[in-house]
>>> print(open('coords.txt').read())   # compact mmCIF, C-alpha atoms and all ligand atoms
# COMPACT_ATOMS: atom_id res chain seq x y z
CA MET A 343 96.17 133.20 126.91
CA ARG A 344 99.62 131.58 126.81
CA THR A 345 102.89 133.25 125.85
CA ILE A 346 105.38 131.17 123.91
CA LEU A 347 108.98 132.19 123.18
CA ILE A 348 110.61 130.33 120.29
CA THR A 349 114.33 130.81 119.70
CA GLY A 350 115.66 130.22 116.20
CA ALA A 351 112.25 130.89 114.68
CA SER A 352 113.55 132.16 111.33
CA SER A 353 114.01 128.71 109.78
CA GLY A 354 113.35 124.97 109.99
CA ILE A 355 111.94 123.54 113.19
CA GLY A 356 111.58 126.89 114.99
CA LYS A 357 109.66 128.38 112.08
CA ALA A 358 107.42 125.29 111.85
CA CYS A 359 106.76 125.58 115.62
CA ALA A 360 105.73 129.23 115.18
CA GLU A 361 103.34 128.21 112.41
CA LYS A 362 101.93 125.25 114.35
CA LEU A 363 101.51 127.08 117.66
CA SER A 364 99.87 130.22 116.26
CA SER A 365 96.36 130.57 117.60
CA ALA A 366 93.97 133.16 118.94
CA GLU A 367 94.96 132.07 122.48
CA THR A 368 98.69 132.47 121.89
CA GLN A 369 101.06 135.38 122.20
CA LEU A 370 104.17 134.47 120.22
CA ILE A 371 107.65 135.82 120.77
CA LEU A 372 110.01 134.89 117.96
CA CYS A 373 113.73 135.53 117.91
CA SER A 374 116.79 134.82 115.79
CA ARG A 375 119.66 136.79 114.25
CA ASN A 376 117.77 137.37 110.99
CA ILE A 377 115.07 139.98 111.62
CA ASP A 378 113.95 140.11 107.95
CA LYS A 379 113.00 136.44 107.96
CA LEU A 380 111.16 136.95 111.26
CA GLN A 381 109.31 139.94 109.84
CA ASN A 382 108.15 137.83 106.86
CA LEU A 383 106.97 135.12 109.23
CA LYS A 384 105.19 137.67 111.40
CA ASN A 385 103.40 139.08 108.33
CA LYS A 386 102.28 135.57 107.40
CA LEU A 387 101.05 134.55 110.86
CA GLU A 388 99.74 137.86 112.20
CA SER A 389 96.09 137.06 111.57
CA LYS A 390 96.37 133.66 113.30
CA ALA A 391 98.06 134.59 116.59
CA ALA A 392 96.78 136.89 119.33
CA SER A 393 100.04 138.83 119.00
CA ILE A 394 103.52 138.32 117.61
CA SER A 395 106.65 140.08 118.84
CA ILE A 396 109.90 139.62 116.96
CA TYR A 397 113.43 140.23 118.22
CA LYS A 398 116.84 140.22 116.60
CA VAL A 399 118.77 138.18 119.15
CA ASP A 400 122.07 136.36 119.04
CA VAL A 401 121.66 133.82 121.84
CA GLN A 402 125.44 133.53 122.14
CA LYS A 403 125.44 136.99 123.71
CA MET A 404 123.88 137.47 127.13
CA ASP A 405 123.43 141.22 126.55
CA SER A 406 121.44 140.49 123.37
CA VAL A 407 119.22 138.04 125.26
CA GLU A 408 118.86 140.48 128.17
CA ALA A 409 117.78 143.29 125.84
CA MET A 410 114.88 141.16 124.57
CA PHE A 411 113.75 140.26 128.09
CA LYS A 412 114.02 143.88 129.22
CA ASP A 413 111.78 144.97 126.35
CA LEU A 414 109.32 142.16 127.08
CA ALA A 415 109.19 143.10 130.77
CA GLU A 416 108.55 146.74 129.88
CA GLY A 417 105.64 145.59 127.73
CA GLY A 418 104.33 143.41 130.58
CA ILE A 419 104.98 140.23 128.58
CA ASN A 420 106.19 137.12 130.42
CA VAL A 421 107.13 133.76 128.98
CA ASP A 422 104.97 130.75 129.93
CA ILE A 423 106.41 128.29 127.41
CA LEU A 424 109.97 128.43 126.13
CA VAL A 425 110.96 126.49 123.02
CA ASN A 426 114.76 126.51 123.22
CA ASN A 427 115.37 125.63 119.60
CA ALA A 428 118.17 127.90 118.27
CA GLY A 429 121.16 125.77 117.43
CA LEU A 430 123.54 124.56 114.81
CA ALA A 431 126.27 122.17 113.78
CA LEU A 432 129.31 123.50 111.98
CA GLY A 433 131.60 121.31 109.92
CA LEU A 434 132.27 117.60 110.14
CA SER A 435 135.74 117.05 111.47
CA ASP A 436 137.72 114.91 113.86
CA VAL A 437 138.85 116.61 117.04
CA GLU A 438 142.51 116.58 115.98
CA ASN A 439 141.76 118.72 112.94
CA GLY A 440 138.74 120.57 114.30
CA ASP A 441 138.21 124.27 113.73
CA ILE A 442 138.24 126.01 117.12
CA SER A 443 135.95 128.82 116.00
CA ASP A 444 133.38 126.20 114.91
CA TRP A 445 133.61 124.57 118.34
CA ASP A 446 133.18 127.92 120.06
CA MET A 447 130.13 128.77 118.02
CA MET A 448 128.44 125.41 118.62
CA ILE A 449 129.17 125.52 122.35
CA ASP A 450 128.19 129.19 122.68
CA THR A 451 124.92 128.73 120.78
CA ASN A 452 123.76 125.24 121.71
CA ILE A 453 124.79 125.25 125.38
CA LYS A 454 125.45 128.78 126.65
CA GLY A 455 122.74 130.40 124.53
CA LEU A 456 120.18 127.86 125.72
CA LEU A 457 121.22 128.53 129.32
CA TYR A 458 120.99 132.33 128.95
CA VAL A 459 117.45 132.19 127.56
CA THR A 460 116.42 129.59 130.14
CA LYS A 461 117.77 131.63 133.06
CA LEU A 462 115.84 134.74 132.09
CA SER A 463 112.64 132.83 131.24
CA LEU A 464 112.74 131.11 134.62
CA ARG A 465 112.52 134.38 136.54
CA HIS A 466 108.86 134.78 135.70
CA MET A 467 108.09 131.06 135.58
CA VAL A 468 109.34 130.54 139.13
CA LYS A 469 107.59 133.68 140.42
CA ASN A 470 104.37 132.58 138.74
CA ASN A 471 104.93 128.91 139.63
CA PHE A 472 103.93 127.93 136.11
CA GLY A 473 105.74 127.15 132.88
CA HIS A 474 107.20 124.69 130.41
CA ILE A 475 110.70 124.57 128.96
CA VAL A 476 111.02 122.55 125.77
CA ASN A 477 114.62 122.02 124.75
CA MET A 478 115.64 120.92 121.27
CA GLY A 479 118.22 118.23 121.86
CA SER A 480 119.16 115.61 119.29
CA ILE A 481 119.79 111.89 119.03
CA ALA A 482 123.39 113.08 118.71
CA GLY A 483 123.05 113.83 122.43
CA ILE A 484 122.55 110.11 123.07
CA TYR A 485 124.88 108.57 120.50
CA ALA A 486 128.07 110.35 119.49
CA TYR A 487 129.43 109.86 116.00
CA PRO A 488 132.90 110.28 114.46
CA LYS A 489 133.62 113.81 113.28
CA GLY A 490 130.61 115.06 115.19
CA ALA A 491 131.97 114.82 118.74
CA VAL A 492 131.61 118.49 119.60
CA TYR A 493 128.08 118.86 118.22
CA ALA A 494 127.11 115.61 119.98
CA ALA A 495 128.63 116.93 123.22
CA THR A 496 126.55 120.12 123.00
CA LYS A 497 123.37 118.09 122.58
CA SER A 498 124.40 115.77 125.38
CA ALA A 499 124.73 118.92 127.48
CA VAL A 500 121.17 119.86 126.49
CA LYS A 501 120.01 116.47 127.79
CA PHE A 502 121.81 116.93 131.10
CA ILE A 503 120.72 120.55 131.51
CA SER A 504 117.15 119.34 130.93
CA ASP A 505 117.54 116.52 133.48
CA GLY A 506 119.15 118.80 136.08
CA LEU A 507 116.51 121.49 135.63
CA ARG A 508 113.70 118.98 135.96
CA LYS A 509 115.12 117.92 139.32
CA GLU A 510 115.65 121.51 140.48
CA LEU A 511 112.06 122.35 139.58
CA VAL A 512 110.41 119.19 140.91
CA ASP A 513 108.40 121.11 143.54
CA LYS A 514 107.20 123.72 141.00
CA ASN A 515 104.49 123.63 138.34
CA ILE A 516 107.15 123.92 135.67
CA LYS A 517 107.76 121.13 133.16
CA VAL A 518 110.98 120.38 131.32
CA THR A 519 111.02 118.36 128.10
CA ASN A 520 113.96 117.37 125.93
CA ILE A 521 113.09 116.55 122.32
CA GLN A 522 115.72 114.48 120.50
CA PRO A 523 115.13 114.35 116.76
CA GLY A 524 117.06 112.28 114.26
CA LEU A 525 117.42 113.40 110.64
CA VAL A 526 115.20 116.40 109.90
CA GLU A 527 115.37 118.09 106.50
CA THR A 528 115.83 121.80 107.21
CA ASN A 529 118.56 124.33 106.59
CA PHE A 530 120.65 122.50 109.22
CA SER A 531 122.98 120.61 106.85
CA ASN A 532 123.27 123.60 104.56
CA VAL A 533 124.53 125.62 107.55
CA ARG A 534 126.80 122.78 108.65
CA PHE A 535 128.44 122.55 105.19
CA ARG A 536 128.41 126.31 104.63
CA GLY A 537 126.17 126.32 101.58
CA ASP A 538 127.62 123.20 99.90
CA LEU A 539 124.24 121.92 98.71
CA GLU A 540 125.61 118.67 97.33
CA ARG A 541 127.01 117.65 100.73
CA ALA A 542 123.89 118.91 102.49
CA ASN A 543 121.55 116.92 100.22
CA ASP A 544 123.67 113.80 100.61
CA VAL A 545 122.72 113.70 104.32
CA TYR A 546 119.13 112.86 103.30
CA ARG A 547 120.04 110.59 100.36
CA GLY A 548 117.90 107.43 100.08
CA ILE A 549 115.84 108.07 103.21
CA LYS A 550 112.64 109.96 103.87
CA PRO A 551 113.74 112.29 106.66
CA LEU A 552 111.53 113.95 109.25
CA THR A 553 110.14 117.32 108.29
CA ALA A 554 110.27 120.40 110.48
CA ASP A 555 106.49 120.00 110.76
CA ASP A 556 106.89 116.51 112.23
CA VAL A 557 109.03 117.94 115.03
CA ALA A 558 106.69 120.92 115.50
CA ASP A 559 103.83 118.40 115.91
CA THR A 560 105.86 116.80 118.71
CA VAL A 561 106.38 120.16 120.42
CA SER A 562 102.68 120.90 120.08
CA TYR A 563 101.88 117.47 121.58
CA VAL A 564 104.14 117.82 124.63
CA ILE A 565 102.81 121.26 125.52
CA SER A 566 99.19 120.15 125.11
CA MET A 567 99.34 117.52 127.87
CA PRO A 568 97.17 117.96 130.97
CA GLN A 569 98.88 119.98 133.70
CA HIS A 570 99.72 116.87 135.78
CA VAL A 571 101.52 115.16 132.86
CA GLN A 572 105.17 115.93 132.15
CA ILE A 573 106.82 114.40 129.09
CA CYS A 574 110.48 114.32 130.05
CA GLU A 575 112.05 113.17 126.83
CA ILE A 576 111.03 112.21 123.32
CA THR A 577 113.30 110.67 120.70
CA ILE A 578 111.86 110.90 117.20
CA THR A 579 113.51 109.53 114.07
CA PRO A 580 112.55 108.75 110.49
CA LEU A 581 111.27 105.20 110.01
CA HIS A 582 114.59 103.95 108.61
CA GLN A 583 116.88 105.56 111.19
CA ALA A 584 117.67 103.47 114.29
CA SER A 585 120.54 105.48 115.74
CA VAL A 586 122.60 108.46 114.77
CA ASP A 587 124.67 106.34 112.39
CA VAL A 588 122.41 103.37 111.70
CA VAL A 589 120.38 104.46 108.72
CA TYR A 590 118.89 102.28 105.97
CA ARG A 591 119.13 104.08 102.63
CA GLU A 592 117.43 102.82 99.47
N1 LIG B 601 117.85 119.22 111.29
C1 LIG B 601 118.20 118.18 112.01
O1 LIG B 601 118.50 117.09 111.46
C2 LIG B 601 118.22 118.27 113.51
C3 LIG B 601 118.26 117.09 114.25
C4 LIG B 601 118.29 117.15 115.64
C5 LIG B 601 118.27 118.38 116.27
N2 LIG B 601 118.25 119.53 115.55
C6 LIG B 601 118.24 120.79 116.27
O2 LIG B 601 117.08 121.52 115.94
C7 LIG B 601 117.31 122.92 116.15
C8 LIG B 601 116.81 123.70 114.94
O3 LIG B 601 117.57 123.33 113.80
P1 LIG B 601 116.94 123.23 112.33
O4 LIG B 601 117.12 121.84 111.88
O5 LIG B 601 115.59 123.83 112.28
O6 LIG B 601 118.02 124.11 111.51
P2 LIG B 601 117.88 125.51 110.76
O7 LIG B 601 116.83 125.44 109.73
O8 LIG B 601 119.27 125.85 110.35
O9 LIG B 601 117.41 126.51 111.92
C9 LIG B 601 118.27 126.89 112.97
C10 LIG B 601 117.69 128.10 113.66
O10 LIG B 601 118.56 128.47 114.74
C11 LIG B 601 118.79 129.88 114.68
N3 LIG B 601 120.07 130.25 115.25
C12 LIG B 601 121.30 129.72 115.00
N4 LIG B 601 122.23 130.37 115.69
C13 LIG B 601 121.59 131.33 116.42
C14 LIG B 601 122.02 132.34 117.34
N5 LIG B 601 123.31 132.47 117.67
N6 LIG B 601 121.10 133.14 117.88
C15 LIG B 601 119.78 133.01 117.57
N7 LIG B 601 119.32 132.10 116.72
C16 LIG B 601 120.21 131.26 116.14
C17 LIG B 601 118.73 130.19 113.17
O11 LIG B 601 118.36 131.56 112.99
P3 LIG B 601 119.31 132.74 112.42
O12 LIG B 601 120.30 132.10 111.49
O13 LIG B 601 118.33 133.67 111.79
O14 LIG B 601 119.92 133.31 113.66
C18 LIG B 601 117.58 129.31 112.74
O15 LIG B 601 116.35 129.93 112.94
C19 LIG B 601 118.80 123.05 116.42
O16 LIG B 601 119.00 123.19 117.81
C20 LIG B 601 119.38 121.73 115.93
O17 LIG B 601 120.58 121.40 116.60
C21 LIG B 601 118.20 119.50 114.17
>>> encode(input="coords.txt", output="structure tokens")
Amino acid sequence: MRTILITGASSGIGKACAEKLSSAETQLILCSRNIDKLQNLKNKLESKAASISIYKVDVQKMDSVEAMFKDLAEGGINVDILVNNAGLALGLSDVENGDISDWDMMIDTNIKGLLYVTKLSLRHMVKNNFGHIVNMGSIAGIYAYPKGAVYAATKSAVKFISDGLRKELVDKNIKVTNIQPGLVETNFSNVRFRGDLERANDVYRGIKPLTADDVADTVSYVISMPQHVQICEITITPLHQASVDVVYRE
């Protein structure tokens, strides 16, 4: 039996991971801010997974993350595999005109939230000398782009947190993987442009983007490797995307 915690499981890549990783040998822990969406997902997957626990968690808040881990500990549930997926981009703006509350939210969610969940997951992983942390980075963490500097910086932080952790944990049976997707069609752009569907759809204009399932397949692949194999980093893009801003559109 393996226990997998997926953050941001209510939508997109996190939801696809929950669907892909459901099995009779898996205890799933799903969290996000939207408990209704998680409940619907739980209802759908209940017969496939050994058990599913859902939590309303805002990863930006350490007390919210701690409350979930306290409840899990009381139920004797410990995390073996963490999929640190919750994240978002807000707006598209140069730094000079950037919205500070958007910056705060991206930094608090994508960097601090990821660290909070990682810290509490590691307690058991280190004690048990077993585990796998899969972080959802982005190709924006490798190549910055104009008007996306802050989002790119948060994903660059995810890369460096992953690299630092891997070094800290080198003598333990704990793997760290950073997955860096390019364009994936999810609710991501809709969130970024605050429901402006025209702008959101334009992101995927003329190109066949990755699906959330494609990325979930990658997560499933990295966690299925033999125990002696650690996949450190994977960059995955649609066929016609070569960098964050080099995209061939028909
Ligand atoms: N789509 C892309 O093109 C793309 C490319 C590279 C990397 N990524 C990364 O992939 C990850 C998933 O994004 P997605 O594309 O699947 O977008 P999505 O469909 O918008 O899903 C984002 C998920 O993150 C959760 N979330 C956001 N803020 C949260 C918070 N404060 N606390 C807890 N959960 C939170 C959302 O849940 P609630 O709203 O219910 O809280 C939702 O489940 C993100 O880290 C994103 O940066 C996406």
>>> closest_residue(input="coords.txt", among="A:Ala486, A:Cys359, A:Ala491, A:Cys574", to="Leu507 of chain A", atoms="all atoms listed in the file")
A:Cys574
>>> residues_near_ligand(input="coords.txt", ligand="ligand LIG 601 (chain B)", cutoff="7 Å", atoms="only C-alpha atoms and all ligand atoms", output="number ranges by chain")
A: 349-357, 373-376, 399-402, 427-431, 451-452, 478-481, 522-531, 533, 554
>>> write_last_selection(input="coords.txt", atoms="C-alpha atoms", output="PDB file, in the coordinates of the input")
ATOM      1  CA  THR A 349     114.330 130.810 119.700  1.00  0.00           C
ATOM      2  CA  GLY A 350     115.660 130.220 116.200  1.00  0.00           C
ATOM      3  CA  ALA A 351     112.250 130.890 114.680  1.00  0.00           C
ATOM      4  CA  SER A 352     113.550 132.160 111.330  1.00  0.00           C
ATOM      5  CA  SER A 353     114.010 128.710 109.780  1.00  0.00           C
ATOM      6  CA  GLY A 354     113.350 124.970 109.990  1.00  0.00           C
ATOM      7  CA  ILE A 355     111.940 123.540 113.190  1.00  0.00           C
ATOM      8  CA  GLY A 356     111.580 126.890 114.990  1.00  0.00           C
ATOM      9  CA  LYS A 357     109.660 128.380 112.080  1.00  0.00           C
ATOM     10  CA  CYS A 373     113.730 135.530 117.910  1.00  0.00           C
ATOM     11  CA  SER A 374     116.790 134.820 115.790  1.00  0.00           C
ATOM     12  CA  ARG A 375     119.660 136.790 114.250  1.00  0.00           C
ATOM     13  CA  ASN A 376     117.770 137.370 110.990  1.00  0.00           C
ATOM     14  CA  VAL A 399     118.770 138.180 119.150  1.00  0.00           C
ATOM     15  CA  ASP A 400     122.070 136.360 119.040  1.00  0.00           C
ATOM     16  CA  VAL A 401     121.660 133.820 121.840  1.00  0.00           C
ATOM     17  CA  GLN A 402     125.440 133.530 122.140  1.00  0.00           C
ATOM     18  CA  ASN A 427     115.370 125.630 119.600  1.00  0.00           C
ATOM     19  CA  ALA A 428     118.170 127.900 118.270  1.00  0.00           C
ATOM     20  CA  GLY A 429     121.160 125.770 117.430  1.00  0.00           C
ATOM     21  CA  LEU A 430     123.540 124.560 114.810  1.00  0.00           C
ATOM     22  CA  ALA A 431     126.270 122.170 113.780  1.00  0.00           C
ATOM     23  CA  THR A 451     124.920 128.730 120.780  1.00  0.00           C
ATOM     24  CA  ASN A 452     123.760 125.240 121.710  1.00  0.00           C
ATOM     25  CA  MET A 478     115.640 120.920 121.270  1.00  0.00           C
ATOM     26  CA  GLY A 479     118.220 118.230 121.860  1.00  0.00           C
ATOM     27  CA  SER A 480     119.160 115.610 119.290  1.00  0.00           C
ATOM     28  CA  ILE A 481     119.790 111.890 119.030  1.00  0.00           C
ATOM     29  CA  GLN A 522     115.720 114.480 120.500  1.00  0.00           C
ATOM     30  CA  PRO A 523     115.130 114.350 116.760  1.00  0.00           C
ATOM     31  CA  GLY A 524     117.060 112.280 114.260  1.00  0.00           C
ATOM     32  CA  LEU A 525     117.420 113.400 110.640  1.00  0.00           C
ATOM     33  CA  VAL A 526     115.200 116.400 109.900  1.00  0.00           C
ATOM     34  CA  GLU A 527     115.370 118.090 106.500  1.00  0.00           C
ATOM     35  CA  THR A 528     115.830 121.800 107.210  1.00  0.00           C
ATOM     36  CA  ASN A 529     118.560 124.330 106.590  1.00  0.00           C
ATOM     37  CA  PHE A 530     120.650 122.500 109.220  1.00  0.00           C
ATOM     38  CA  SER A 531     122.980 120.610 106.850  1.00  0.00           C
ATOM     39  CA  VAL A 533     124.530 125.620 107.550  1.00  0.00           C
ATOM     40  CA  ALA A 554     110.270 120.400 110.480  1.00  0.00           C
TER      41      ALA A 554
END
>>> axis_aligned_box(input="coords.txt", around="segment 363-368 of chain A", padding_each_side="5 Å", output="lines of an AutoDock Vina configuration file")
center_x = 97.7
center_y = 130.1
center_z = 119.4
size_x = 17.5
size_y = 16.1
size_z = 16.2
>>> residues_around(input="coords.txt", residues="Lys384 of chain A", least_positions_apart="2", cutoff="9 Å", atoms="all atoms listed in the file", output="MDAnalysis selection string")
chainID A and resid 372 379:382 386:388 394:396
>>> atom_distance(input="coords.txt", atom1="atom CA of Asn420 of chain A", atom2="atom CA of Met467 of chain A")
8.2 Å
>>> build_atoms(input="coords.txt", residues="segment 520-554 of chain A", atoms="N, CA and C atoms", output="mmCIF file, in the coordinates of the input")
data_model
loop_
_atom_site.group_PDB
_atom_site.id
_atom_site.type_symbol
_atom_site.label_atom_id
_atom_site.label_comp_id
_atom_site.auth_asym_id
_atom_site.auth_seq_id
_atom_site.Cartn_x
_atom_site.Cartn_y
_atom_site.Cartn_z
ATOM 1 N N ASN A 520 112.871 117.377 126.903
ATOM 2 C CA ASN A 520 113.960 117.370 125.930
ATOM 3 C C ASN A 520 113.511 116.570 124.708
ATOM 4 N N ILE A 521 113.484 117.224 123.558
ATOM 5 C CA ILE A 521 113.090 116.550 122.320
ATOM 6 C C ILE A 521 114.360 116.206 121.545
ATOM 7 N N GLN A 522 114.468 114.943 121.124
ATOM 8 C CA GLN A 522 115.720 114.480 120.500
ATOM 9 C C GLN A 522 115.425 113.951 119.099
ATOM 10 N N PRO A 523 115.420 114.831 118.109
ATOM 11 C CA PRO A 523 115.130 114.350 116.760
ATOM 12 C C PRO A 523 116.340 113.700 116.104
ATOM 13 N N GLY A 524 116.024 112.798 115.163
ATOM 14 C CA GLY A 524 117.060 112.280 114.260
ATOM 15 C C GLY A 524 117.137 113.191 113.046
ATOM 16 N N LEU A 525 117.240 112.596 111.858
ATOM 17 C CA LEU A 525 117.420 113.400 110.640
ATOM 18 C C LEU A 525 116.168 114.204 110.304
ATOM 19 N N VAL A 526 116.308 115.512 110.277
ATOM 20 C CA VAL A 526 115.200 116.400 109.900
ATOM 21 C C VAL A 526 115.698 117.253 108.731
ATOM 22 N N GLU A 527 114.926 117.298 107.657
ATOM 23 C CA GLU A 527 115.370 118.090 106.500
ATOM 24 C C GLU A 527 114.992 119.555 106.687
ATOM 25 N N THR A 528 115.989 120.355 106.997
ATOM 26 C CA THR A 528 115.830 121.800 107.210
ATOM 27 C C THR A 528 117.059 122.469 106.597
ATOM 28 N N ASN A 529 117.349 123.655 107.058
ATOM 29 C CA ASN A 529 118.560 124.330 106.590
ATOM 30 C C ASN A 529 119.812 123.856 107.348
ATOM 31 N N PHE A 530 119.602 122.953 108.292
ATOM 32 C CA PHE A 530 120.650 122.500 109.220
ATOM 33 C C PHE A 530 121.935 122.049 108.500
ATOM 34 N N SER A 531 121.781 121.146 107.522
ATOM 35 C CA SER A 531 122.980 120.610 106.850
ATOM 36 C C SER A 531 123.599 121.650 105.927
ATOM 37 N N ASN A 532 122.764 122.495 105.390
ATOM 38 C CA ASN A 532 123.270 123.600 104.560
ATOM 39 C C ASN A 532 124.159 124.540 105.391
ATOM 40 N N VAL A 533 123.719 124.795 106.629
ATOM 41 C CA VAL A 533 124.530 125.620 107.550
ATOM 42 C C VAL A 533 125.809 124.858 107.902
ATOM 43 N N ARG A 534 125.645 123.596 108.219
ATOM 44 C CA ARG A 534 126.800 122.780 108.650
ATOM 45 C C ARG A 534 127.887 122.777 107.556
ATOM 46 N N PHE A 535 127.462 122.639 106.281
ATOM 47 C CA PHE A 535 128.440 122.550 105.190
ATOM 48 C C PHE A 535 128.595 123.877 104.456
ATOM 49 N N ARG A 536 128.200 124.937 105.106
ATOM 50 C CA ARG A 536 128.410 126.310 104.630
ATOM 51 C C ARG A 536 127.979 126.503 103.181
ATOM 52 N N GLY A 537 126.754 126.067 102.900
ATOM 53 C CA GLY A 537 126.170 126.320 101.580
ATOM 54 C C GLY A 537 126.554 125.302 100.520
ATOM 55 N N ASP A 538 127.299 124.256 100.870
ATOM 56 C CA ASP A 538 127.620 123.200 99.900
ATOM 57 C C ASP A 538 126.395 122.287 99.794
ATOM 58 N N LEU A 539 125.540 122.592 98.821
ATOM 59 C CA LEU A 539 124.240 121.920 98.710
ATOM 60 C C LEU A 539 124.383 120.428 98.431
ATOM 61 N N GLU A 540 125.416 120.073 97.667
ATOM 62 C CA GLU A 540 125.610 118.670 97.330
ATOM 63 C C GLU A 540 125.852 117.843 98.605
ATOM 64 N N ARG A 541 126.725 118.358 99.461
ATOM 65 C CA ARG A 541 127.010 117.650 100.730
ATOM 66 C C ARG A 541 125.768 117.647 101.629
ATOM 67 N N ALA A 542 125.085 118.794 101.634
ATOM 68 C CA ALA A 542 123.890 118.910 102.490
ATOM 69 C C ALA A 542 122.828 117.905 102.040
ATOM 70 N N ASN A 543 122.594 117.824 100.726
ATOM 71 C CA ASN A 543 121.550 116.920 100.220
ATOM 72 C C ASN A 543 121.920 115.463 100.444
ATOM 73 N N ASP A 544 123.213 115.182 100.449
ATOM 74 C CA ASP A 544 123.670 113.800 100.610
ATOM 75 C C ASP A 544 123.272 113.238 101.989
ATOM 76 N N VAL A 545 123.114 114.128 102.971
ATOM 77 C CA VAL A 545 122.720 113.700 104.320
ATOM 78 C C VAL A 545 121.368 112.978 104.270
ATOM 79 N N TYR A 546 120.508 113.402 103.366
ATOM 80 C CA TYR A 546 119.130 112.860 103.300
ATOM 81 C C TYR A 546 118.958 111.890 102.127
ATOM 82 N N ARG A 547 120.069 111.475 101.537
ATOM 83 C CA ARG A 547 120.040 110.590 100.360
ATOM 84 C C ARG A 547 119.425 109.234 100.731
ATOM 85 N N GLY A 548 118.435 108.794 99.943
ATOM 86 C CA GLY A 548 117.900 107.430 100.080
ATOM 87 C C GLY A 548 117.049 107.190 101.311
ATOM 88 N N ILE A 549 116.690 108.246 102.020
ATOM 89 C CA ILE A 549 115.840 108.070 103.210
ATOM 90 C C ILE A 549 114.824 109.204 103.241
ATOM 91 N N LYS A 550 113.633 108.889 103.713
ATOM 92 C CA LYS A 550 112.640 109.960 103.870
ATOM 93 C C LYS A 550 112.842 110.548 105.257
ATOM 94 N N PRO A 551 113.439 111.731 105.336
ATOM 95 C CA PRO A 551 113.740 112.290 106.660
ATOM 96 C C PRO A 551 112.484 112.857 107.323
ATOM 97 N N LEU A 552 112.599 113.199 108.587
ATOM 98 C CA LEU A 552 111.530 113.950 109.250
ATOM 99 C C LEU A 552 111.445 115.321 108.600
ATOM 100 N N THR A 553 110.275 115.916 108.703
ATOM 101 C CA THR A 553 110.140 117.320 108.290
ATOM 102 C C THR A 553 110.133 118.177 109.563
ATOM 103 N N ALA A 554 110.357 119.472 109.341
ATOM 104 C CA ALA A 554 110.270 120.400 110.480
ATOM 105 C C ALA A 554 108.879 120.336 111.101
#
